[in-house]
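The structure appears below as structure tokens.
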Amino acid sequence: MLLRNTFVVVMLVFAVHLTSIAQVKVPRVAIYPWTFAENERGTNTTAVNTAQDVLRKLFEQRGGYEVISDAACRRAWIELGFPEQPLTVEELGQLPTSFDAKRLLEFGKKVGADYVCSGTLGWRVRSVWVGLGPKTKADATVSVIIVDVNNSEIVHEVRDLNSASTRAEKWYESAGALLVSWGITLFSGGPKTPHMQNAAIKALGAATDEFFATKTKKKIE
């Protein structure tokens with residue numbers, strides 16, 4: 001009888017443990033839509049890919065989120081009848097200048113996301129004379145909004161954060177080892193592409209840093 005009671009207790013404890021595991025829900029995020037541009041026509045594909053990879057790694061590795069696929073995001077966006085948002089545009093002046101939080105909220109519900117992260121990134125590439133020759137310089141300016149779908153709130157919004165800002169530089173200095181552990185290469189030297197990649201990493205990391213640390217909420221009405 002004692003053995004039987006012990007077995008029942010063990011099974012009850014095990015069932016409670018399984019229930020607690022099942023209740024742990026990994027939040028899902030839709031990183032969409034994002035639009036990129038640079039001041040030289042024909043936005044650099046490699047730099048765009050790096051920026052998208054950094055966004056995914058920030059949410060997956062730092063935040064512990066499940067990132068919804070781009071294909072699922074595009075499909076949900078189209079099914080809602082929203083105007084198509086291109087991944088890249090030819091000029092910086094063509095980047096969206098505002099975010100429609102209500103539209104992002106509706107999109108988040110459609111795609112089954114807990115959060116929606118949308119934004120723009122624009123690069124400025126230039127050549128400056130240093131010493132005996134020209135040197136390539138690049139900076140990136142990021143605007144980002146993050147919507148909490150379940151609570152209908154804007155939990156994070158940053159406008160026009162530049163990679164050359166003190167805030168971005170400090171984040172980059174402290175995050176170097178972390179980025180390497182995520183498999184993100186820290187580029188240096190060479191033509192414009194590495195400079196664009198570095199600028200994107202700095203700007204995106206700094207622009208989302210406060211979201212992962214603390215959230216400022218604003219109700220969407």
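In the structure tokens, the first chain shown is A, the next is B, and so on; residue numbers restart at 1 for each chain, and ligands run from 1 in the order shown.
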
If you run DSSP over the backbone, which residues in stretch 118-182 of chain A end up strand (DSSP E or B)? Put them as a short mmCIF file (atom, residue, chain, number, x, y, z; two decimals) with C-alpha atoms, in the first residue's frame.
data_model
loop_
_atom_site.label_atom_id
_atom_site.label_comp_id
_atom_site.auth_asym_id
_atom_site.auth_seq_id
_atom_site.Cartn_x
_atom_site.Cartn_y
_atom_site.Cartn_z
CA SER A 118 9.59 47.00 -38.11
CA GLY A 119 12.02 49.65 -39.26
CA THR A 120 14.29 51.31 -41.76
CA LEU A 121 18.05 51.51 -42.20
CA GLY A 122 19.81 53.97 -44.47
CA TRP A 123 23.54 54.02 -45.24
CA ARG A 124 25.63 57.02 -46.22
CA VAL A 125 28.88 56.02 -47.91
CA ARG A 126 31.52 58.60 -48.72
CA SER A 127 35.22 58.88 -49.50
CA VAL A 128 37.38 61.15 -47.37
CA TRP A 129 41.01 62.11 -47.90
CA VAL A 130 43.28 60.75 -45.18
CA GLY A 133 44.91 58.90 -50.21
CA PRO A 134 41.13 58.44 -50.01
CA LYS A 135 39.48 56.35 -47.32
CA THR A 136 35.95 54.95 -47.37
CA LYS A 137 33.60 55.93 -44.57
CA ALA A 138 30.07 54.65 -43.95
CA ASP A 139 27.44 55.32 -41.33
CA ALA A 140 23.96 53.89 -40.87
CA THR A 141 20.83 55.56 -39.53
CA VAL A 142 18.14 53.33 -38.01
CA SER A 143 14.51 53.92 -37.08
CA VAL A 144 12.69 51.05 -35.38
CA ILE A 145 9.36 50.31 -33.72
CA ILE A 146 8.45 47.21 -31.69
CA VAL A 147 4.79 46.40 -31.00
CA ASP A 148 3.50 44.10 -28.26
CA GLU A 153 1.23 48.49 -27.02
CA ILE A 154 4.25 50.14 -28.55
CA VAL A 155 7.00 48.86 -26.26
CA HIS A 156 9.97 50.39 -28.06
CA GLU A 157 10.51 53.14 -30.62
CA VAL A 158 13.72 54.82 -31.77
CA ARG A 159 14.07 57.45 -34.48
CA ASP A 160 17.15 58.26 -36.53
CA LEU A 161 19.83 56.61 -34.40
CA ASN A 162 23.16 56.94 -36.21
#

**Request:** Report the residues of chain A whose backbone DSSP state falls under helix (DSSP H, G or I), written as a PyMOL selection string.
**Result:** chain A and resi 2-22+45-62+70-79+92-94+101-111+166-181+192-213

Would you mind listing, for every residue of stretch 48-74 of chain A within 12 Å of stretch 85-91 of chain A, the two atoms forming the shortest contact and the distance between them in Å to one decimal, using only C-alpha atoms, sorted by chain and ascending residue number, as a tab-separated table?
residue	atom	partner	partner_atom	distance
A:Val48	CA	A:Thr88	CA	8.5
A:Asn49	CA	A:Leu87	CA	10.7
A:Ala51	CA	A:Leu87	CA	11.7
A:Gln52	CA	A:Leu87	CA	10.5
A:Asp70	CA	A:Leu87	CA	11.0
A:Cys73	CA	A:Gln85	CA	11.5
A:Arg74	CA	A:Gln85	CA	9.3

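Counting only C-alpha atoms, the residue from A:Ala113, A:Ala164, A:Ala101, A:Ala177 that sits nearest to A:Met196 is A:Ala164.
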
**Prompt:** Nearest to A:Phe59: which of A:Ala72, A:Ile78, A:Ala200, A:Ile31 is it, counting only C-alpha atoms?
**Reply:**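 Nearest to A:Phe59: A:Ile31.
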
**Prompt:** Hey, which of A:Leu179, A:Val29, A:Leu80, A:Ala213 ends up closest to A:Asp53? Count only C-alpha atoms.
**Reply:** A:Leu179

**Asked** What lies within 12 Å of A:Trp77 using only C-alpha atoms, ignoring chain neighbours under 3 positions off, as JSON, numbers by chain?
**Response** {"A": [30, 32, 33, 70, 71, 72, 73, 74, 80, 81, 82, 83, 84, 85, 103, 104, 105, 106, 107, 108, 109, 110, 111, 112]}

Written selection (C-alpha atoms) as a compact mmCIF listing (two decimals), in the first residue's frame:
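out.txt, written as the output of this step:
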# COMPACT_ATOMS: atom_id res chain seq x y z
CA ALA A 30 7.83 39.05 -36.80
CA TYR A 32 8.79 42.75 -40.81
CA PRO A 33 8.58 44.96 -42.76
CA ASP A 70 10.06 36.06 -43.90
CA ALA A 71 7.86 33.95 -46.18
CA ALA A 72 5.13 33.66 -43.54
CA CYS A 73 5.36 37.39 -42.85
CA ARG A 74 5.07 38.34 -46.51
CA LEU A 80 -4.33 41.56 -45.34
CA GLY A 81 -4.22 43.63 -48.53
CA PHE A 82 -1.53 45.99 -47.25
CA PRO A 83 0.64 47.76 -49.86
CA GLU A 84 3.83 45.87 -50.57
CA GLN A 85 6.82 47.20 -48.67
CA ARG A 103 -1.40 48.21 -39.24
CA LEU A 104 1.52 46.47 -37.53
CA LEU A 105 -0.81 45.34 -34.75
CA GLU A 106 -3.28 43.85 -37.24
CA PHE A 107 -0.41 42.20 -39.09
CA GLY A 108 0.97 40.74 -35.86
CA LYS A 109 -2.38 39.15 -35.03
CA LYS A 110 -2.66 37.72 -38.53
CA VAL A 111 0.81 36.15 -38.53
CA GLY A 112 0.53 34.83 -34.97

**Message:** Give me, as a list in words, all polymer residues having an atom no more than 8 Å from A:Thr46, counting only C-alpha atoms and skipping those fewer than 3 positions away in the same chain.
**Reply:**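 My list of contacting residues is Asn49, Thr50, Thr193 and Gln197 of chain A.
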